[in-house]
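For reference, the structure is listed below as structure tokens.
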Amino acid sequence: MSPPRLPVIAAAGAFAVAAAALLLPPLTASGATPACSVEYTVTNPWDTGFQGSVKILNNGAPVTSWSLTFDFPGTQKVTQGWNAAWSQSGRTVTASNESWNGKLASGGSIDAGFIASSTGSNPAPTAFALNGVTCDQDPGSSPSPSTGPTGPSQPPTDPGKVPALHASGNKLVDANGTERHLYGVNRSGAEFMCVQGRGIFDGPVDDASVAAIASWQVNTVRVPLNEECWLGAANIDPAYAGTNYIDAVKEYVARLEAHGITPLVELHWSYGEYTGNSSGCSDVHASCQKPMPDAQYGPSFWKSVAGTFKNDPTVAFDLFNEPYPDRATSTLDQAWTCWRDGGTCPGITYEVAGMQDLVDAVRGTGAQNLILAGGIAYSNDLRQWLSHEPTDPAGNIAAAWHSYNFNTCSSASCWDEQLAPVISKVPFVAGEIGENTCSHGYVDQVMSWLDAHDASYLGWTWNTWDCSTGPSLISSYDGTPTPYGTGLRDHLRSLG
């Protein structure tokens, strides 16, 4: 489910990784200002590749088109990029302007990002040229790969308190083979606050607020994320984007773990213009729920997220909030093919990243973390999930389902028919359950059925919204439940 829609002011712009403040041009040894300066940065390296960016500062006359060239010293190979047309011949990389960003004023700058493969060491380029003129590399640029964004000090964690989960048959088990379940809540905010220019989280995320969540006997918190905010899109306020956003998410993840809670991070809002049936917005930017993730940036998002958390197997990944290609396509078969394979999908105007693309992006980083994949019809329909299950080389994937009283599949008879066959084959997590009645009669039924089928579930949502705008579990971040939230709290506490 998506949070209440609020007015969004989105500035036109393109993607830039790890947005930074404009840098003053350095001087050459003779005191003259070079024609251009370049800041080269490596972020989120993994075993077989990395995400990088270049910031170009034009210190000379204005230009109406630009082309940056540099040589990689090692085996690096650009595989995709944004905010420029990227190409590579041998070791020489060329990043040229797109049709819409060719003008570069005197004193102006441009950011462009890329994903590259690499083996062995990853030395930085030592020389750059803009339109054939040699640039000075900015003194602040990183000459060698970093270990990823670093942020404010994080609370101490006890990895032993949070199990690293793995699929075993249709169960989730820990390192000792003991069966585990995910019982918890969603913590909405990081998917919409940043794109609306209002911050990163909605409400407090300090230690006291996490302790309040834990007091409900919660062992899992699902954290919705925004693709553009994570990647540092130019339309996002830099204070809430790129490294700042990533650091805030990392700090919250560490705080959850310190309280013995499994963090479940997921892609909620993504890039791509969709104005068809059931469109949530007409904006190309990540300001609402789209029917499917986009091929342009979705895999890059998951490569970066997986690279950030691959050394912490207690973090689980939910690939995409609520796919609904069925609202765009004419048949369920087309919808499920789009769901798995992506590409050019009927009724969707942008190139789609299928679930297989996202699984490949995660596993390509070496991450072995648990992956969740929700079905179609806003994750409410799982009828063809088993026949379209993505191939996971790690064998660590679970089916995800969302259930509200207003969904099509909202009765025990439907659950028996559509869900039970899936539950018998793979681990099953109801990533969102809820109702719009300000009561808990429906979620009581859902939890009872899921308990009987040995499945996991998380309530939507740990936010202090009014029941008229969405199912809110609490009226205060101290953990005071709403009448609806009382049902989930009391049930979780009864599980012991």
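How things are named: the first chain in the structure tokens is A, the next is B, and so on; residues count from 1 in each chain; ligands count from 1 in the order shown.
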
Once DSSP has gone over the backbone, tell me which residues of stretch 26-235 of chain A are in alpha helix (DSSP H), as a PyMOL selection string. chain A and resi 207-214+227-231

Expected file contents, prior selection, C-alpha atoms, as a compact mmCIF listing (two decimals), in the first residue's frame:
```txt
# COMPACT_ATOMS: atom_id res chain seq x y z
CA ASP A 207 16.19 4.60 19.73
CA ALA A 208 13.06 5.30 21.79
CA SER A 209 10.81 4.96 18.74
CA VAL A 210 12.37 1.61 17.81
CA ALA A 211 12.07 0.43 21.41
CA ALA A 212 8.34 1.23 21.19
CA ILE A 213 8.03 -0.97 18.10
CA ALA A 214 9.91 -3.79 19.83
CA GLU A 227 14.61 4.76 -5.98
CA GLU A 228 15.44 8.35 -6.88
CA CYS A 229 16.32 9.32 -3.32
CA TRP A 230 18.69 6.36 -2.93
CA LEU A 231 20.43 6.96 -6.27
```

Polymer residues at most 7 Å from A:Lys303, only C-alpha atoms, same-chain spacing of 2 or more positions, as JSON, numbers by chain: {"A": [299, 300, 301, 305, 306, 307, 361, 362, 365]}

Can you write just those residues out, N, CA and C atoms, as a PDB file, in the first residue's frame?
```pdb
ATOM      1  N   PRO A 299      17.371  -1.928 -11.669  1.00  0.00           N
ATOM      2  CA  PRO A 299      18.509  -2.814 -11.376  1.00  0.00           C
ATOM      3  C   PRO A 299      19.666  -2.076 -10.706  1.00  0.00           C
ATOM      4  N   SER A 300      19.911  -0.817 -11.094  1.00  0.00           N
ATOM      5  CA  SER A 300      20.983  -0.041 -10.461  1.00  0.00           C
ATOM      6  C   SER A 300      20.678   0.189  -8.985  1.00  0.00           C
ATOM      7  N   PHE A 301      19.413   0.471  -8.691  1.00  0.00           N
ATOM      8  CA  PHE A 301      19.007   0.639  -7.298  1.00  0.00           C
ATOM      9  C   PHE A 301      19.334  -0.611  -6.498  1.00  0.00           C
ATOM     10  N   VAL A 305      21.798  -1.140  -3.343  1.00  0.00           N
ATOM     11  CA  VAL A 305      21.274  -1.575  -2.038  1.00  0.00           C
ATOM     12  C   VAL A 305      21.926  -2.887  -1.615  1.00  0.00           C
ATOM     13  N   ALA A 306      21.982  -3.837  -2.544  1.00  0.00           N
ATOM     14  CA  ALA A 306      22.579  -5.132  -2.220  1.00  0.00           C
ATOM     15  C   ALA A 306      24.061  -4.993  -1.907  1.00  0.00           C
ATOM     16  N   GLY A 307      24.761  -4.116  -2.643  1.00  0.00           N
ATOM     17  CA  GLY A 307      26.161  -3.883  -2.352  1.00  0.00           C
ATOM     18  C   GLY A 307      26.362  -3.271  -0.971  1.00  0.00           C
ATOM     19  N   ALA A 361      20.265  -8.610 -10.404  1.00  0.00           N
ATOM     20  CA  ALA A 361      21.000  -7.440  -9.930  1.00  0.00           C
ATOM     21  C   ALA A 361      21.509  -7.651  -8.511  1.00  0.00           C
ATOM     22  N   VAL A 362      20.659  -8.206  -7.662  1.00  0.00           N
ATOM     23  CA  VAL A 362      21.055  -8.461  -6.270  1.00  0.00           C
ATOM     24  C   VAL A 362      22.156  -9.514  -6.212  1.00  0.00           C
ATOM     25  N   THR A 365      25.916  -8.889  -7.130  1.00  0.00           N
ATOM     26  CA  THR A 365      26.824  -8.236  -6.174  1.00  0.00           C
ATOM     27  C   THR A 365      27.469  -9.229  -5.218  1.00  0.00           C
TER      28      THR A 365
END
```

Could you give me, as a list in words, the residues within 6 Å of stretch 483-495 of chain A, counting only C-alpha atoms and dropping anything in the same chain fewer than 4 positions from it?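 Surrounding residues, per the criterion: Trp216, Gln217, Cys438, Ser439, His440 and Leu473 of chain A.
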
Take the selection from the previous step and output its residues with N, CA and C atoms, as a PDB file, in the first residue's frame.
```pdb
ATOM      1  N   TRP A 216       5.956  -4.286  21.112  1.00  0.00           N
ATOM      2  CA  TRP A 216       4.803  -5.052  20.605  1.00  0.00           C
ATOM      3  C   TRP A 216       5.201  -6.504  20.302  1.00  0.00           C
ATOM      4  N   GLN A 217       6.401  -6.885  20.632  1.00  0.00           N
ATOM      5  CA  GLN A 217       6.955  -8.206  20.293  1.00  0.00           C
ATOM      6  C   GLN A 217       7.149  -8.349  18.779  1.00  0.00           C
ATOM      7  N   CYS A 438     -10.846   1.162  10.658  1.00  0.00           N
ATOM      8  CA  CYS A 438     -10.425   1.612  12.001  1.00  0.00           C
ATOM      9  C   CYS A 438     -10.725   0.549  13.053  1.00  0.00           C
ATOM     10  N   SER A 439     -10.803  -0.693  12.636  1.00  0.00           N
ATOM     11  CA  SER A 439     -11.012  -1.810  13.550  1.00  0.00           C
ATOM     12  C   SER A 439     -10.077  -2.930  13.131  1.00  0.00           C
ATOM     13  N   HIS A 440     -10.206  -4.104  13.743  1.00  0.00           N
ATOM     14  CA  HIS A 440      -9.278  -5.188  13.414  1.00  0.00           C
ATOM     15  C   HIS A 440      -9.978  -6.514  13.136  1.00  0.00           C
ATOM     16  N   LEU A 473      -1.496   1.975  12.569  1.00  0.00           N
ATOM     17  CA  LEU A 473      -1.457   1.119  13.755  1.00  0.00           C
ATOM     18  C   LEU A 473      -1.381   1.905  15.052  1.00  0.00           C
TER      19      LEU A 473
END
```

For A:Thr344, the nearest of the candidates A:Ile371, A:Asp454, A:Ala295, A:Pro323, counting only C-alpha atoms: A:Ala295

Spatial neighbours of A:Ala286, 12 Å, only C-alpha atoms, chain gap at least 5 places, as a ChimeraX atom specification: /A:8-11,15,190-196,225-233,235-236,267-274,280-281,291-294,297-298

Using only C-alpha atoms, which residues sit within 9 Å of stretch 333-338 of chain A once same-chain residues fewer than 4 positions away are excluded, as a PyMOL selection string? chain A and resi 292+324-329+342-346+352-355+375-376+384-385+388
